[in-house]
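Quick look at query_2.txt (compact mmCIF, C-alpha atoms):
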# COMPACT_ATOMS: atom_id res chain seq x y z
CA MET A 1 -35.74 10.52 30.64
CA PRO A 2 -32.82 10.98 28.29
CA HIS A 3 -32.30 8.09 25.94
CA THR A 4 -29.01 6.28 26.39
CA TYR A 5 -27.17 4.19 23.84
CA PRO A 6 -24.89 1.28 24.59
CA SER A 7 -21.24 2.21 24.38
CA THR A 8 -18.86 0.45 21.99
CA PRO A 9 -17.01 -2.30 23.83
CA VAL A 10 -13.38 -1.58 24.50
CA TRP A 11 -12.25 -4.70 22.64
CA VAL A 12 -14.01 -3.47 19.49
CA LYS A 13 -12.24 -0.12 19.72
CA VAL A 14 -8.91 -1.84 20.23
CA LEU A 15 -9.56 -4.12 17.25
CA LEU A 16 -10.47 -1.20 15.00
CA ILE A 17 -7.35 0.72 16.03
CA ALA A 18 -5.22 -2.35 15.35
CA VAL A 19 -6.79 -2.83 11.92
CA PHE A 20 -6.27 0.79 10.91
CA ALA A 21 -2.74 0.87 12.29
CA GLY A 22 -1.88 -2.39 10.54
CA SER A 23 -3.29 -1.11 7.26
CA ALA A 24 -1.25 2.09 7.53
CA VAL A 25 1.95 0.17 8.23
CA TRP A 26 1.29 -2.20 5.31
CA TRP A 27 0.58 0.74 2.97
CA LEU A 28 3.77 2.53 3.98
CA ALA A 29 5.85 -0.64 3.58
CA ASP A 30 4.30 -1.34 0.17
CA ARG A 31 4.93 2.23 -0.96
CA HIS A 32 8.54 2.13 0.24
CA ASP A 33 9.23 -1.14 -1.59
CA ARG A 34 7.47 0.03 -4.76
CA THR A 35 9.29 3.37 -4.80
CA GLY A 36 12.65 1.67 -4.35
CA ASN A 37 11.90 -0.74 -7.17
CA GLN A 38 10.75 2.07 -9.47
CA ASP A 39 13.89 4.10 -8.78
CA ARG A 40 16.10 1.08 -9.49
CA LEU A 41 14.28 0.26 -12.72
CA GLY A 42 14.18 3.92 -13.71
CA ALA A 43 17.98 4.12 -13.55
CA ILE A 44 18.28 1.12 -15.88
CA ALA A 45 15.64 2.48 -18.26
CA SER A 46 17.35 5.89 -18.34
CA GLN A 47 20.64 4.32 -19.34
CA ILE A 48 19.00 2.46 -22.24
CA ALA A 49 16.87 5.44 -23.28
CA GLY A 50 19.83 7.81 -23.18
CA ARG A 51 17.85 10.31 -21.14
CA GLU A 52 16.18 10.68 -17.77
CA VAL A 53 13.00 8.59 -17.70
CA ARG A 54 10.82 6.92 -15.07
CA VAL A 55 9.32 3.49 -14.53
CA ARG A 56 5.94 3.19 -12.82
CA CYS A 57 4.58 0.11 -11.08
CA PRO A 58 0.94 -0.29 -9.97
CA GLY A 59 0.04 0.55 -6.39
CA PRO A 60 -2.46 -1.34 -4.21
CA PHE A 61 -5.54 0.26 -5.80
CA TRP A 62 -4.58 -0.56 -9.38
CA ARG A 63 -3.48 -4.05 -8.41
CA VAL A 64 -7.03 -4.66 -7.14
CA VAL A 65 -9.12 -3.01 -9.87
CA GLY A 66 -7.01 -4.25 -12.76
CA TYR A 67 -4.05 -2.44 -14.27
CA ASP A 68 -2.33 -5.05 -16.40
CA MET A 69 -3.76 -4.68 -19.88
CA VAL A 70 -0.26 -5.30 -21.25
CA GLU A 71 3.10 -6.11 -19.68
CA GLY A 72 4.41 -2.63 -20.40
CA LYS A 73 3.47 0.50 -22.28
CA VAL A 74 4.78 3.91 -23.28
CA GLN A 75 2.49 6.71 -24.35
CA VAL A 76 3.46 8.37 -27.64
CA GLY A 77 2.32 11.88 -28.47
CA ALA A 78 0.76 13.10 -31.70
CA ASP A 79 4.20 14.39 -32.68
CA GLY A 80 5.62 10.87 -32.44
CA ARG A 81 7.65 11.61 -29.34
CA PRO A 82 7.46 9.13 -26.44
CA ALA A 83 6.53 10.18 -22.93
CA ASP A 84 9.08 10.33 -20.11
CA GLU A 85 7.85 7.20 -18.36
CA THR A 86 6.78 3.62 -18.92
CA ARG A 87 4.17 1.73 -16.93
CA LEU A 88 4.91 -1.90 -16.23
CA SER A 89 2.50 -4.61 -15.13
CA GLU A 90 2.26 -5.96 -11.61
CA THR A 91 3.86 -9.22 -12.72
CA SER A 92 6.81 -7.57 -14.44
CA CYS A 93 7.44 -5.23 -11.52
CA ALA A 94 7.21 -8.07 -9.00
CA GLU A 95 9.59 -10.30 -10.97
CA LEU A 96 12.15 -7.54 -11.45
CA ASP A 97 11.96 -6.68 -7.75
CA ALA A 98 12.42 -10.33 -6.80
CA LEU A 99 15.39 -10.66 -9.15
CA ALA A 100 17.10 -7.58 -7.73
CA GLU A 101 16.48 -8.74 -4.16
CA GLY A 102 17.97 -12.18 -4.75
CA ARG A 103 14.71 -14.12 -4.69
CA ARG A 104 15.21 -15.67 -8.13
CA ALA A 105 18.50 -17.46 -7.40
CA LYS A 106 17.10 -20.87 -8.36
CA GLU A 107 15.85 -19.55 -11.67
CA LEU A 108 19.17 -17.84 -12.44
CA GLU A 109 21.09 -21.00 -11.65
CA CYS A 110 18.85 -23.09 -13.89
CA ILE A 111 18.82 -20.58 -16.74
CA GLY A 112 22.58 -20.09 -16.52
CA ARG A 113 23.15 -23.83 -16.71
CA THR A 114 20.70 -24.65 -19.52
CA ALA A 115 20.00 -21.40 -21.44
CA ILE A 116 16.32 -22.32 -21.03
CA ALA A 117 13.77 -20.29 -19.06
CA CYS A 118 13.54 -22.94 -16.35
CA GLY A 119 12.86 -22.93 -12.63
CA PRO A 120 9.59 -22.12 -10.85
CA ARG A 121 9.47 -18.54 -12.23
CA GLY A 122 12.10 -18.76 -14.96
CA ARG A 123 9.83 -17.83 -17.84
CA GLU A 124 8.24 -14.97 -15.91
CA VAL A 125 11.52 -13.40 -14.84
CA ALA A 126 13.00 -13.65 -18.36
CA ILE A 127 9.92 -11.98 -19.85
CA ALA A 128 10.07 -9.23 -17.20
CA VAL A 129 13.69 -8.40 -18.05
CA ASP A 130 12.78 -8.32 -21.74
CA VAL A 131 9.79 -6.06 -21.03
CA LEU A 132 11.92 -3.55 -19.12
CA ALA A 133 14.50 -3.37 -21.90
CA HIS A 134 11.81 -3.27 -24.61
CA GLU A 135 9.91 -0.35 -23.09
CA SER A 136 13.18 1.47 -22.44
CA PHE A 137 13.97 1.40 -26.16
CA HIS A 138 10.54 2.84 -26.85
CA LEU A 139 11.46 5.65 -24.45
CA ARG A 140 14.58 6.11 -26.54
CA GLY A 141 12.35 6.88 -29.50
CA ILE A 142 12.42 3.55 -31.32
CA LEU A 143 8.77 2.79 -32.03
CA ASP A 144 8.87 -0.07 -34.53
CA GLU A 145 8.02 -3.15 -32.46
CA ALA A 146 10.24 -5.60 -34.36
CA GLU A 147 13.32 -3.39 -34.14
CA THR A 148 12.56 -2.57 -30.52
CA GLU A 149 12.26 -6.22 -29.55
CA CYS A 150 15.46 -7.18 -31.37
CA ARG A 151 17.37 -4.43 -29.58
CA SER A 152 15.76 -5.49 -26.31
CA LEU A 153 16.92 -9.08 -26.70
CA GLN A 154 20.47 -7.84 -27.23
CA ALA A 155 20.26 -5.63 -24.15
CA MET A 156 18.81 -8.32 -21.89
CA ALA A 157 22.15 -9.69 -20.71
CA ARG A 158 23.32 -6.32 -19.42
CA THR A 159 19.88 -5.52 -17.99
CA ALA A 160 19.81 -8.80 -16.08
CA GLN A 161 23.31 -8.14 -14.75
CA ARG A 162 22.24 -4.79 -13.35
CA LEU A 163 19.54 -6.66 -11.47
CA GLY A 164 21.89 -9.21 -9.95
CA ALA A 165 22.61 -11.86 -12.59
CA THR A 166 26.14 -12.83 -13.55
CA ALA A 167 27.38 -12.12 -17.07
CA GLU A 168 26.89 -15.75 -18.08
CA GLN A 169 23.43 -15.91 -16.52
CA GLY A 170 22.48 -12.72 -18.35
CA HIS A 171 23.61 -14.08 -21.71
CA ALA A 172 21.86 -17.38 -21.03
CA MET A 173 18.64 -15.53 -20.16
CA ALA A 174 18.79 -13.58 -23.42
CA THR A 175 19.37 -16.82 -25.33
CA ALA A 176 16.44 -18.46 -23.53
CA GLN A 177 14.14 -15.60 -24.47
CA TYR A 178 15.36 -15.53 -28.08
CA THR A 179 14.97 -19.27 -28.64
CA GLY A 180 11.78 -19.53 -26.59
CA SER A 181 9.30 -16.70 -26.14
CA TYR A 182 10.52 -14.67 -29.12
CA GLU A 183 9.30 -17.27 -31.58
CA GLN A 184 5.85 -17.16 -29.99
CA MET A 185 5.46 -13.38 -30.17
CA PRO A 186 3.07 -11.72 -32.64
CA GLU A 187 4.49 -11.21 -36.12
CA ALA A 188 4.82 -7.47 -35.59
CA TYR A 189 7.45 -8.14 -32.91
CA ARG A 190 9.60 -10.45 -35.06
CA THR A 191 11.84 -9.90 -38.06
CA GLY A 192 14.25 -11.92 -40.15
CA ASP A 193 16.87 -9.22 -39.55
CA CYS A 194 17.08 -10.20 -35.88
CA VAL A 195 19.83 -12.79 -36.36
CA ASP A 196 23.58 -13.02 -35.90
CA GLY A 197 25.08 -10.78 -38.59
CA GLY A 198 21.66 -9.42 -39.54
CA ALA A 199 20.78 -5.79 -40.15
CA LEU A 200 19.71 -5.36 -36.51
CA ASP A 201 22.74 -7.07 -34.97
CA GLN A 202 24.17 -4.42 -32.63
CA ARG A 203 27.42 -6.32 -32.08
CA PRO A 204 28.36 -7.81 -35.49
CA ASP A 205 31.85 -8.74 -34.29
CA ASP A 206 30.52 -10.72 -31.33
CA PRO A 207 29.76 -14.36 -32.28
CA ARG A 208 27.22 -14.60 -29.46
CA PHE A 209 23.70 -13.54 -30.38
CA PRO A 210 21.62 -12.05 -28.97
Starting from the file, lay out its structure as structure tokens.
Amino acid sequence: MPHTYPSTPVWVKVLLIAVFAGSAVWWLADRHDRTGNQDRLGAIASQIAGREVRVRCPGPFWRVVGYDMVEGKVQVGADGRPADETRLSETSCAELDALAEGRRAKELECIGRTAIACGPRGREVAIAVDVLAHESFHLRGILDEAETECRSLQAMARTAQRLGATAEQGHAMATAQYTGSYEQMPEAYRTGDCVDGGALDQRPDDPRFP
């Protein structure tokens, strides 16, 4: 007699189809959101870099296996020329996406009022804006970390505005980063020239620094 095998129950088949379909929908939605965020950040980075560059955020695979060795990085060739893209960490990408989509309103209100990185994610969102500007200056060809960070701090206000902050909130965020996280950065990222009227002051006639 031919050997027969039990058939897979219908409910199991339906469950498997639902799981696969749900996974596909989630993957497409994640990709759409990530691509939109990358394009938005790429436009900001290109303006700072003075050329067409790209910003990359980690996809589902890299978010699982571990991608975030640093908040942001730019590869530099043997000839000293930077690549055409920067890779940002999951945290930085998520915070910048949330800022642009209006999900950091509480943080912006608190930072704008106090010039301190306050609110549930205030410190994280301020660092993310700084990271985007910092890596964009590397893409511009400025490789010295101290000069890059000083320029980044002075570009934070405008960068934050392009992501939804008001002018005052942007300036307050830059001040919060300068008086807070900047002092805690490694020595290579800090310099005595990064002060109002200093050698790295990009707006010497503006009394507000950074």
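Distance annotation: of A:Glu109, A:Glu95, A:Glu90, A:Glu135, the residue with the minimal separation from Ser46 in chain A is A:Glu135; atom set is only C-alpha atoms.
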Distance of CA of Ser181 in chain A from CA of Asp84 in chain A, expressed in Å to one decimal place: 27.7 Å
So that each row is one residue of range 18-133 of chain A with an atom at most 10 Å from range 151-168 of chain A, can you give its shortest atom pair and the distance in Å to one decimal, using only C-alpha atoms, rows by chain and rising number, as JSON lines?
{"residue": "A:Arg40", "atom": "CA", "partner": "A:Leu163", "partner_atom": "CA", "distance": 8.7}
{"residue": "A:Leu41", "atom": "CA", "partner": "A:Leu163", "partner_atom": "CA", "distance": 8.8}
{"residue": "A:Ala43", "atom": "CA", "partner": "A:Arg162", "partner_atom": "CA", "distance": 9.9}
{"residue": "A:Ile44", "atom": "CA", "partner": "A:Thr159", "partner_atom": "CA", "distance": 7.1}
{"residue": "A:Ala45", "atom": "CA", "partner": "A:Thr159", "partner_atom": "CA", "distance": 9.1}
{"residue": "A:Gln47", "atom": "CA", "partner": "A:Thr159", "partner_atom": "CA", "distance": 10.0}
{"residue": "A:Ile48", "atom": "CA", "partner": "A:Ala155", "partner_atom": "CA", "distance": 8.4}
{"residue": "A:Leu96", "atom": "CA", "partner": "A:Leu163", "partner_atom": "CA", "distance": 7.4}
{"residue": "A:Asp97", "atom": "CA", "partner": "A:Leu163", "partner_atom": "CA", "distance": 8.4}
{"residue": "A:Ala98", "atom": "CA", "partner": "A:Leu163", "partner_atom": "CA", "distance": 9.3}
{"residue": "A:Leu99", "atom": "CA", "partner": "A:Leu163", "partner_atom": "CA", "distance": 6.2}
{"residue": "A:Ala100", "atom": "CA", "partner": "A:Leu163", "partner_atom": "CA", "distance": 4.6}
{"residue": "A:Glu101", "atom": "CA", "partner": "A:Gly164", "partner_atom": "CA", "distance": 7.9}
{"residue": "A:Gly102", "atom": "CA", "partner": "A:Gly164", "partner_atom": "CA", "distance": 7.2}
{"residue": "A:Arg104", "atom": "CA", "partner": "A:Ala165", "partner_atom": "CA", "distance": 9.4}
{"residue": "A:Ala105", "atom": "CA", "partner": "A:Ala165", "partner_atom": "CA", "distance": 8.7}
{"residue": "A:Leu108", "atom": "CA", "partner": "A:Ala165", "partner_atom": "CA", "distance": 6.9}
{"residue": "A:Glu109", "atom": "CA", "partner": "A:Ala165", "partner_atom": "CA", "distance": 9.3}
{"residue": "A:Ile111", "atom": "CA", "partner": "A:Glu168", "partner_atom": "CA", "distance": 9.5}
{"residue": "A:Gly112", "atom": "CA", "partner": "A:Glu168", "partner_atom": "CA", "distance": 6.3}
{"residue": "A:Arg113", "atom": "CA", "partner": "A:Glu168", "partner_atom": "CA", "distance": 9.0}
{"residue": "A:Ala115", "atom": "CA", "partner": "A:Glu168", "partner_atom": "CA", "distance": 9.5}
{"residue": "A:Val125", "atom": "CA", "partner": "A:Ala160", "partner_atom": "CA", "distance": 9.6}
{"residue": "A:Ala126", "atom": "CA", "partner": "A:Met156", "partner_atom": "CA", "distance": 8.6}
{"residue": "A:Ile127", "atom": "CA", "partner": "A:Met156", "partner_atom": "CA", "distance": 9.8}
{"residue": "A:Ala128", "atom": "CA", "partner": "A:Ala160", "partner_atom": "CA", "distance": 9.8}
{"residue": "A:Val129", "atom": "CA", "partner": "A:Met156", "partner_atom": "CA", "distance": 6.4}
{"residue": "A:Asp130", "atom": "CA", "partner": "A:Met156", "partner_atom": "CA", "distance": 6.0}
{"residue": "A:Val131", "atom": "CA", "partner": "A:Ser152", "partner_atom": "CA", "distance": 8.0}
{"residue": "A:Leu132", "atom": "CA", "partner": "A:Thr159", "partner_atom": "CA", "distance": 8.3}
{"residue": "A:Ala133", "atom": "CA", "partner": "A:Ser152", "partner_atom": "CA", "distance": 5.1}
Residue list as a PyMOL selection string for point (2.2, 3.9, -26.8), cut-off 10 Å, only C-alpha atoms: chain A and resi 72-77+80-83+86+135+138-139+143
Selection: 10 Å around Asp201 in chain A, only C-alpha atoms, excl. self and same-chain fewer than 5 positions, as a list in words: Cys150, Arg151, Gln154, Asp193, Cys194, Val195, Asp196, Asp206, Phe209 and Pro210 of chain A
Pick from A:Gly59, A:Tyr182, A:Tyr189, A:Val70 nearest to His32 in chain A, counting all atoms listed in the file: A:Gly59
Between CA of Arg56 in chain A and CA of Leu88 in chain A, distance in Å (one decimal): 6.2 Å
Atom-to-atom span, CA of Asp79 in chain A and CA of His134 in chain A, Å: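 Between CA of Asp79 in chain A and CA of His134 in chain A the gap is 20.9 Å.
Comparing A:Arg54, A:Arg208, A:Arg121, A:Arg203 by their smallest distance to Tyr178 in chain A, the closest is A:Arg208 (using only C-alpha atoms).
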